[in-house]
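Since the structure comes first, as structure tokens, the remarks are kept for the end.
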Amino acid sequence: MKPKFRAFGGASLGAAFLMANSSIGPGFLTQTTVFTQQLLTSFGFVILISVVLDIGAQLNTWRILTVSELRAQDLANRLLPGLGYFLAGMVILGGFAFNIGNIAGCGLGLNVLTGMSFEQGAIISCGVALLLFWVREIGKMLDGFTKILGTVKILLTLGIAFSAHPPLLQALHHTLLPVKISAAAIVTIVGGTVGGYITFSGAHRLLDAGIKGLGSQSEVTRSAVSGIVISTIMRFVLFLAIVGVLSHGAILEKDNPAAGVFRSAAGEVGFRVFGVILWSAAISSVVGAAYTSVSFFKTFHPVFARYERACISIFIILSTSIFVFIGKPTQLLIFAGVINGLILPIALGIVLVAATSRRLMGTYHHPRWMLAAGWVVVLVMGGLSVPVLVEQVGGLLR
């Protein structure tokens, strides 16, 4: 097969931004603030570990799915009948947990911008997300929307980080040689940035755009690496902003700790900027979570594909209703990361096993170093996730 040469952009860059936006959503903003308060400059080590694990998860998943030309649930069903339904159920559950947290982030963002209640902000944002999904060209809308919001988030956060005057040398030192290490922080951040549906969001977008097969692998790799680079830049910039503020003695709010970072760095202007960043992060993550979660069952029956927009709408409305009923936005954002941290090793393990099947992959031989990197992610996240999840469930119920 001759390679397909395309300019890097369009759906490829859109897929990168879809994954990156999903991984730097409101959960990451809140999780980073909460854990940086606990670990200070040593949190840089958590981000470094999360990036390494992201690479092992994303490169494997994107390549295996696009070479097989199958979505994850269909690949799993061909590996073992019924396994795809199990995988889809897990990812949809994790995506639902994420989306409740994303809607919570929308509520927090509009609360900062307008002073309205978290619940009112969530309901208004639900309406905005529904309008976006009823645009005729879903794929093109997603690509443009995620690129714009991703760029806005990075530029605004970079400005706040510059204002915060972080201790750069100390942050770099402790990123490589941490003083404190937290298993809960690693599981939550990895789960929040690459767990659950996020692992598959970019790959499924590429498949929908027709970018697949052996001839597209260079483009797929560039798209995956671009997504990882975009999200890594945002993670470290946000971390530096928070460390800078905390190093100057700031005390952050309990209900919306990330907002306190921006207020301390740039006053009321910074506070409003945070509202824009948080709402942008949250609404783009609502879009990404709903789109990818529905992509996990739309191939099971033609009726789901025919009524894709209606399924997405129901998914968003249910997420909003549960948040309005439960409340606790900050706790929900932390919990979503933890539960998806548990889903990651199971979902990735299924994809890695499928990669070794000649029946499914034909003449393609998946690189051994990629397989090894993927299994390291499975073992590390599998070993850390269960005790952390038990601890977080207990905290959420109290």
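To be explicit about the labels: the chains of the structure tokens are called A, B, and onward in the order shown, and within each one the residues are counted from 1, while ligands get numbers from 1 in the order they are shown.
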
### Message
Please list as an MDAnalysis selection string every residue within 12 Å of A:Ser68, counting only C-alpha atoms and excluding residues in the same chain fewer than 3 positions away.
### Response
chainID A and resid 61:65 71:76 78:79 203:204 207 211:217 351 354:366

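Using only C-alpha atoms, the nearest neighbour of A:Ala373 within the list A:Thr157, A:Ser12, A:Thr175, A:Asn60 is A:Asn60.
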
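Proximity of A:Val91, A:Val377, A:Leu342, A:Val67 to A:Glu219, computed with only C-alpha atoms, is greatest for A:Val67.
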
#### Entry: Residue nearest A:Leu40 among A:Leu132, A:Ala184, A:Val243, A:Ala209 (counting only C-alpha atoms)
A:Val243

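Taking atom CA of A:Gly25 and atom CA of A:Asp208 as endpoints, the distance between them is 22.8 Å.
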
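Each of A:Gly275, A:Gly288, A:Gly196, A:Gly383 was checked against A:Asn102 using only C-alpha atoms; the smallest atom-to-atom distance is that of A:Gly288.
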
#### Entry: Residue neighbourhood stretch 171-173 of chain A, 12 Å, only C-alpha atoms, exclusion window fewer than 5 positions, as a PyMOL selection string
chain A and resi 36+39-48+165-166+178-179+236-237+239-244+247

#### Entry: Which of stretch 162-286 of chain A fall in alpha helix (DSSP H), as number ranges by chain
A: 162-164, 168-176, 183-194, 198-208, 217-247, 257-286

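Closest approach to A:Thr193 from the set A:Tyr85, A:Tyr291, A:Phe98, A:Phe300 is made by A:Phe98, with distances taken over only C-alpha atoms.
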
### Query
Which of these residues is nearest to A:Pro257, using only C-alpha atoms: A:Thr299, A:Thr33, A:Ser218, A:Ser201?
A:Thr33

Sorted per-residue table, stretch 175-260 of chain A near stretch 49-55 of chain A, closest atoms and distance, 12 Å, only C-alpha atoms, as a Markdown table:
```
| residue | atom | partner | partner_atom | distance |
| --- | --- | --- | --- | --- |
| A:Thr175 | CA | A:Ile49 | CA | 9.4 |
| A:Leu176 | CA | A:Ile49 | CA | 9.9 |
| A:Leu177 | CA | A:Ile49 | CA | 11.9 |
| A:Pro178 | CA | A:Ile49 | CA | 11.4 |
| A:Ile181 | CA | A:Ile49 | CA | 10.8 |
| A:Ser182 | CA | A:Ile49 | CA | 11.4 |
| A:Ala183 | CA | A:Ile49 | CA | 11.1 |
| A:Ala185 | CA | A:Ser50 | CA | 9.8 |
| A:Ile186 | CA | A:Ser50 | CA | 6.8 |
| A:Val187 | CA | A:Ser50 | CA | 8.7 |
| A:Thr188 | CA | A:Ser50 | CA | 9.6 |
| A:Ile189 | CA | A:Ser50 | CA | 6.7 |
| A:Val190 | CA | A:Ser50 | CA | 5.1 |
| A:Gly191 | CA | A:Ser50 | CA | 8.9 |
| A:Gly192 | CA | A:Ser50 | CA | 9.7 |
| A:Thr193 | CA | A:Asp54 | CA | 7.8 |
| A:Val194 | CA | A:Asp54 | CA | 6.0 |
| A:Gly195 | CA | A:Asp54 | CA | 8.9 |
| A:Ile198 | CA | A:Asp54 | CA | 10.3 |
| A:Thr199 | CA | A:Asp54 | CA | 8.5 |
| A:Phe200 | CA | A:Asp54 | CA | 11.9 |
| A:Thr221 | CA | A:Ile55 | CA | 10.9 |
| A:Ala224 | CA | A:Ile55 | CA | 8.6 |
| A:Val225 | CA | A:Ile55 | CA | 7.9 |
| A:Ser226 | CA | A:Ile55 | CA | 11.0 |
| A:Gly227 | CA | A:Ile55 | CA | 10.1 |
| A:Ile228 | CA | A:Ile55 | CA | 7.2 |
| A:Val229 | CA | A:Val51 | CA | 9.0 |
| A:Ile230 | CA | A:Val51 | CA | 11.1 |
| A:Ser231 | CA | A:Val51 | CA | 8.9 |
| A:Thr232 | CA | A:Val51 | CA | 6.8 |
| A:Ile233 | CA | A:Val51 | CA | 10.4 |
| A:Met234 | CA | A:Val51 | CA | 11.7 |
| A:Arg235 | CA | A:Val51 | CA | 9.4 |
| A:Phe236 | CA | A:Val51 | CA | 10.4 |
```

Writing out the chosen residues with N, CA and C atoms as an mmCIF file, in the first residue's frame:
```cif
data_model
loop_
_atom_site.group_PDB
_atom_site.id
_atom_site.type_symbol
_atom_site.label_atom_id
_atom_site.label_comp_id
_atom_site.auth_asym_id
_atom_site.auth_seq_id
_atom_site.Cartn_x
_atom_site.Cartn_y
_atom_site.Cartn_z
ATOM 1 N N THR A 175 11.309 18.413 39.988
ATOM 2 C CA THR A 175 10.661 17.615 38.939
ATOM 3 C C THR A 175 11.488 16.369 38.651
ATOM 4 N N LEU A 176 12.793 16.510 38.721
ATOM 5 C CA LEU A 176 13.695 15.377 38.473
ATOM 6 C C LEU A 176 14.012 14.599 39.742
ATOM 7 N N LEU A 177 14.126 15.295 40.886
ATOM 8 C CA LEU A 177 14.442 14.670 42.174
ATOM 9 C C LEU A 177 13.433 15.155 43.219
ATOM 10 N N PRO A 178 12.266 14.520 43.277
ATOM 11 C CA PRO A 178 11.211 15.018 44.163
ATOM 12 C C PRO A 178 11.530 14.820 45.644
ATOM 13 N N ILE A 181 6.544 12.108 47.179
ATOM 14 C CA ILE A 181 5.857 11.411 46.084
ATOM 15 C C ILE A 181 4.498 10.954 46.595
ATOM 16 N N SER A 182 3.457 11.119 45.773
ATOM 17 C CA SER A 182 2.102 10.731 46.168
ATOM 18 C C SER A 182 1.496 9.795 45.134
ATOM 19 N N ALA A 183 1.140 8.569 45.574
ATOM 20 C CA ALA A 183 0.497 7.617 44.660
ATOM 21 C C ALA A 183 -0.860 8.144 44.220
ATOM 22 N N ALA A 185 -1.769 11.222 43.824
ATOM 23 C CA ALA A 185 -1.579 12.263 42.812
ATOM 24 C C ALA A 185 -1.267 11.653 41.456
ATOM 25 N N ILE A 186 -0.414 10.629 41.418
ATOM 26 C CA ILE A 186 -0.045 9.995 40.146
ATOM 27 C C ILE A 186 -1.264 9.351 39.496
ATOM 28 N N VAL A 187 -2.026 8.575 40.263
ATOM 29 C CA VAL A 187 -3.208 7.895 39.715
ATOM 30 C C VAL A 187 -4.227 8.913 39.208
ATOM 31 N N THR A 188 -4.478 9.951 40.020
ATOM 32 C CA THR A 188 -5.494 10.936 39.657
ATOM 33 C C THR A 188 -5.092 11.724 38.424
ATOM 34 N N ILE A 189 -3.844 12.170 38.357
ATOM 35 C CA ILE A 189 -3.405 12.965 37.212
ATOM 36 C C ILE A 189 -3.332 12.124 35.947
ATOM 37 N N VAL A 190 -2.782 10.902 36.039
ATOM 38 C CA VAL A 190 -2.733 10.037 34.852
ATOM 39 C C VAL A 190 -4.150 9.672 34.418
ATOM 40 N N GLY A 191 -5.001 9.331 35.380
ATOM 41 C CA GLY A 191 -6.390 9.013 35.046
ATOM 42 C C GLY A 191 -7.102 10.195 34.418
ATOM 43 N N GLY A 192 -6.813 11.392 34.923
ATOM 44 C CA GLY A 192 -7.473 12.588 34.422
ATOM 45 C C GLY A 192 -6.930 13.079 33.093
ATOM 46 N N THR A 193 -5.719 12.664 32.736
ATOM 47 C CA THR A 193 -5.120 13.168 31.498
ATOM 48 C C THR A 193 -5.046 12.135 30.375
ATOM 49 N N VAL A 194 -5.138 10.854 30.716
ATOM 50 C CA VAL A 194 -5.074 9.843 29.654
ATOM 51 C C VAL A 194 -5.984 8.646 29.941
ATOM 52 N N GLY A 195 -6.694 8.654 31.061
ATOM 53 C CA GLY A 195 -7.536 7.513 31.422
ATOM 54 C C GLY A 195 -8.866 7.507 30.688
ATOM 55 N N ILE A 198 -10.312 9.302 27.181
ATOM 56 C CA ILE A 198 -9.277 10.164 26.612
ATOM 57 C C ILE A 198 -8.258 9.344 25.815
ATOM 58 N N THR A 199 -7.983 8.120 26.272
ATOM 59 C CA THR A 199 -7.040 7.243 25.566
ATOM 60 C C THR A 199 -7.454 7.063 24.112
ATOM 61 N N PHE A 200 -8.766 7.066 23.871
ATOM 62 C CA PHE A 200 -9.276 6.710 22.551
ATOM 63 C C PHE A 200 -9.832 7.899 21.774
ATOM 64 N N THR A 221 1.206 9.104 14.003
ATOM 65 C CA THR A 221 2.232 9.339 15.028
ATOM 66 C C THR A 221 2.409 10.830 15.291
ATOM 67 N N ALA A 224 -0.552 12.039 17.353
ATOM 68 C CA ALA A 224 -0.471 11.603 18.749
ATOM 69 C C ALA A 224 0.594 12.388 19.509
ATOM 70 N N VAL A 225 1.782 12.524 18.897
ATOM 71 C CA VAL A 225 2.864 13.260 19.562
ATOM 72 C C VAL A 225 2.478 14.723 19.762
ATOM 73 N N SER A 226 1.813 15.321 18.766
ATOM 74 C CA SER A 226 1.372 16.713 18.894
ATOM 75 C C SER A 226 0.400 16.882 20.054
ATOM 76 N N GLY A 227 -0.526 15.935 20.195
ATOM 77 C CA GLY A 227 -1.470 15.993 21.316
ATOM 78 C C GLY A 227 -0.764 15.923 22.652
ATOM 79 N N ILE A 228 0.232 15.034 22.759
ATOM 80 C CA ILE A 228 0.989 14.890 24.010
ATOM 81 C C ILE A 228 1.781 16.163 24.300
ATOM 82 N N VAL A 229 2.406 16.740 23.267
ATOM 83 C CA VAL A 229 3.193 17.969 23.450
ATOM 84 C C VAL A 229 2.309 19.128 23.890
ATOM 85 N N ILE A 230 1.148 19.285 23.248
ATOM 86 C CA ILE A 230 0.225 20.374 23.598
ATOM 87 C C ILE A 230 -0.216 20.256 25.052
ATOM 88 N N SER A 231 -0.626 19.053 25.454
ATOM 89 C CA SER A 231 -1.106 18.875 26.829
ATOM 90 C C SER A 231 0.034 19.021 27.834
ATOM 91 N N THR A 232 1.252 18.590 27.474
ATOM 92 C CA THR A 232 2.394 18.707 28.383
ATOM 93 C C THR A 232 2.747 20.175 28.644
ATOM 94 N N ILE A 233 2.728 20.985 27.592
ATOM 95 C CA ILE A 233 3.008 22.419 27.759
ATOM 96 C C ILE A 233 2.016 23.034 28.733
ATOM 97 N N MET A 234 0.731 22.737 28.541
ATOM 98 C CA MET A 234 -0.294 23.315 29.406
ATOM 99 C C MET A 234 -0.133 22.836 30.844
ATOM 100 N N ARG A 235 0.202 21.568 31.035
ATOM 101 C CA ARG A 235 0.351 21.031 32.390
ATOM 102 C C ARG A 235 1.463 21.742 33.150
ATOM 103 N N PHE A 236 2.628 21.881 32.503
ATOM 104 C CA PHE A 236 3.753 22.512 33.191
ATOM 105 C C PHE A 236 3.535 24.010 33.404
#
```
